[in-house]
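Written below as structure tokens is the structure these notes are about.
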Amino acid sequence: MRVIVDSHIPHIQGLIEPHAEVLYLEPGDITRTAVKDADALIVRTRTRCNADLLDGSRVRFIGSATIGTDHIDLDYCASRGITVRNAPGCNAPAVAQWVFCAIHAWMQACGIAVPQGLTLGIVGVGHIGSIVARWGRALGFTVLLNDPPREMAEKTDTTEMTDTTEMTERTGMDLETVFVPLEELQRRCDIITFHTPITREGQWPTWHLCDQAFLDSLACCRLILDAARGPIADNAALLRWHGDVGLDCWENEPDISRELLKKAIVATPHIAGYSAEGKQRGTAMMLAALNDLYGWNIPIPTIASPATGATQVTLDGIAASYDILADTAALKADPAGFEALRNHYHHRPEYQ
């Protein structure tokens, strides 16, 4: 059996070898020719797993050590009997850390001393958005939540629930959780941060959700953050917008807009989730998936830091845990090095 692994996935070398032949390849070297004789792939978002890559191969398992799956053609994989596993929530605390470090940097630049009086809007309340919401409330922000798919799902799940403890345990929500329309965020929020997957179809597509019309409808928003997926925000529209932006995800990565890079108060090379603990969780979830699928007994490392994030937070403490402006300076100094900065990033510790 042959397994191909993206060589930039940490904490994995030597663990699969007792059970299979393993090839560690650069993302650009994971090609149709390379995977032809592979049975399984362990990849990141830079590898597009579709018919162009997989036709004619014997691949029957794809593991993505990342939270998203928009780089994988799930319909194609289902039609070919290819099992797909990803790592939902593995880097959620790290992205929340990025969000509040970005907000802290913006507040300092604007001379805003405390969060009280600021309204934070969160679009997408999954693993990451939930931590951002919890930390935001604890820090003193007024927090507004928008997530139509989750709102509909939670209404369905809780229709027959009468016990509040059961509701919290099953949904991760309490009775104070209220979802509001996107228009209310546009009307009330000083800061809006996006944490959705990227979708083009369906009832709530997120492709260019933050477009010119969205930005034109903002009443008092002064900061837009995108640490989810680049195409959620129309980068050309962001460049024209009068407010401030903080971006970790960009359209057309790694060939990002130099003009938008110059405008951004915080700008990083798609590394918001690149914590040491997040990478450990992602790898652990891939190893567990291999064990489950093939009946192997690969030892799964224990990660001391919980994926739910810190329970007690201060804004100064979060800001001290990660120098986001150093990463910003590095990208602004070398935008052509976007991919190298990302691939060779020193995985930072999460906020504890």
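Lettering and numbering for the structure tokens are positional, with chains as A, B, ... in the shown order, residues counted from 1 in each chain, and ligands counted from 1 in the shown order.
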
field: Non-local contacts of segment 36-49 of chain A (10 Å; only C-alpha atoms; under 2 positions in same chain excluded) as a ChimeraX atom specification
entry: /A:1-9,20-34,51-74,76-77,82-86,253,283,286-287,290

task: Tell me which protein, DNA and RNA residues are within 7 Å of Phe194 of chain A, counting only C-alpha atoms, leaving out same-chain ones fewer than 5 positions away, and put them as a list of chain:residue names.
output: A:Ile122, A:Val123, A:Gly124, A:Leu225, A:Asp226, A:Ala227, A:Ala228

- prompt: atom CA of His346 of chain A and atom CA of Asp255 of chain A, how far apart in Å?
  reply: 21.6 Å

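Counting only C-alpha atoms, the residue from A:Val114, A:Ala288, A:Leu260, A:Ala307 that sits nearest to Ala96 of chain A is A:Ala307.
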
Sort by chain and increasing residue number a table of all residues of segment 100-124 of chain A within 12 Å of segment 238-245 of chain A, each with its closest pair of atoms and their distance in Å to one decimal, counting only C-alpha atoms, and write it as a tab-separated table.
residue	atom	partner	partner_atom	distance
A:Ala102	CA	A:Val245	CA	9.5
A:Ile103	CA	A:Val245	CA	10.2
A:Ala105	CA	A:Val245	CA	11.5
A:Trp106	CA	A:Asp244	CA	8.3
A:Met107	CA	A:Asp244	CA	11.1
A:Ala109	CA	A:Asp244	CA	10.7
A:Cys110	CA	A:Asp244	CA	10.3

Can you build me a table of segment 209-312 of chain A residues sitting at most 7 Å from segment 322-342 of chain A, with the closest atom pair per residue and its distance in Å to one decimal, using only C-alpha atoms, sorted by chain and residue number, as a tab-separated table?
residue	atom	partner	partner_atom	distance
A:Pro254	CA	A:Phe338	CA	5.7
A:Leu261	CA	A:Lys332	CA	6.7
A:Val266	CA	A:Thr328	CA	5.7
A:Ala267	CA	A:Thr328	CA	4.8
A:Thr268	CA	A:Thr328	CA	5.3
A:Pro269	CA	A:Phe338	CA	5.6
A:His270	CA	A:Arg342	CA	6.7
A:Ile271	CA	A:Arg342	CA	6.3

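Candidate residues A:Arg229, A:His19, A:His11, A:His127 were compared for distance to Tyr294 of chain A, and the nearest is A:His19, using only C-alpha atoms.
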
task: Select from segment 174-323 of chain A everything DSSP, run on the backbone, classes as helix (DSSP H, G or I), then give the selection as an NGL selection string.
output: :A and (182-188 or 212-216 or 230-232 or 235-240 or 258-263 or 276-294 or 315-320)

Output for the residues just chosen: C-alpha atoms as a tab-separated table (two decimals), in the first residue's frame:
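Saved result, again.tsv, follows:
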chain	number	residue	atom	x	y	z
A	182	LEU	CA	-27.11	39.91	7.97
A	183	GLU	CA	-28.78	43.28	7.54
A	184	GLU	CA	-28.66	43.83	11.29
A	185	LEU	CA	-24.90	43.27	11.32
A	186	GLN	CA	-24.58	45.74	8.48
A	187	ARG	CA	-26.61	48.27	10.42
A	188	ARG	CA	-25.11	47.87	13.91
A	212	GLN	CA	-19.75	46.01	-3.20
A	213	ALA	CA	-23.45	45.93	-2.32
A	214	PHE	CA	-22.65	44.50	1.13
A	215	LEU	CA	-20.05	47.19	1.78
A	216	ASP	CA	-22.32	49.96	0.51
A	230	GLY	CA	-10.33	34.64	0.17
A	231	PRO	CA	-13.29	34.69	-2.23
A	232	ILE	CA	-15.77	35.32	0.59
A	235	ASN	CA	-11.02	41.96	-2.90
A	236	ALA	CA	-11.56	44.64	-5.55
A	237	ALA	CA	-14.56	45.94	-3.59
A	238	LEU	CA	-12.55	45.92	-0.35
A	239	LEU	CA	-9.92	48.05	-2.05
A	240	ARG	CA	-12.56	50.66	-2.93
A	258	ARG	CA	-0.48	44.54	-3.95
A	259	GLU	CA	-2.84	47.51	-3.61
A	260	LEU	CA	-5.04	45.71	-1.10
A	261	LEU	CA	-1.95	44.51	0.75
A	262	LYS	CA	-0.85	48.12	1.12
A	263	LYS	CA	-4.29	49.16	2.38
A	276	ALA	CA	1.52	24.24	16.84
A	277	GLU	CA	-1.47	22.74	18.62
A	278	GLY	CA	-3.72	23.15	15.59
A	279	LYS	CA	-1.26	21.31	13.38
A	280	GLN	CA	-0.97	18.56	15.98
A	281	ARG	CA	-4.76	18.18	16.08
A	282	GLY	CA	-5.02	18.06	12.29
A	283	THR	CA	-2.40	15.33	12.04
A	284	ALA	CA	-3.95	13.38	14.92
A	285	MET	CA	-7.33	13.44	13.15
A	286	MET	CA	-5.75	12.12	9.95
A	287	LEU	CA	-4.03	9.28	11.81
A	288	ALA	CA	-7.28	8.39	13.56
A	289	ALA	CA	-9.05	8.31	10.18
A	290	LEU	CA	-6.42	5.91	8.80
A	291	ASN	CA	-6.78	3.68	11.84
A	292	ASP	CA	-10.55	3.67	11.45
A	293	LEU	CA	-10.50	2.92	7.73
A	294	TYR	CA	-7.71	0.35	7.59
A	315	LEU	CA	-7.44	41.25	25.14
A	316	ASP	CA	-3.94	42.26	26.21
A	317	GLY	CA	-3.16	38.62	26.97
A	318	ILE	CA	-4.27	37.45	23.54
A	319	ALA	CA	-2.32	40.24	21.85
A	320	ALA	CA	0.80	39.35	23.83

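Reported to one decimal place, the separation of atom CA of Asn343 of chain A from atom CA of Trp207 of chain A is 25.6 Å.
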
query: Which value, in Å to one decimal, gives the distance between atom CA of Ile131 of chain A and atom CA of Thr193 of chain A?
result: 12.5 Å

message: Neighbouring residues of Arg150 of chain A were defined as those with any atom within 12 Å, considering only C-alpha atoms; residues of the same chain fewer than 3 positions away were excluded. Please report them as a PyMOL selection string.
response: chain A and resi 123-127+129-130+145-147+153-158+171-173+177-180+196+204

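Nearest-residue note for Gly309 of chain A: choosing from A:Ala78, A:Ala92, A:Val143, A:Val35, the minimum distance belongs to A:Ala92, counting only C-alpha atoms.
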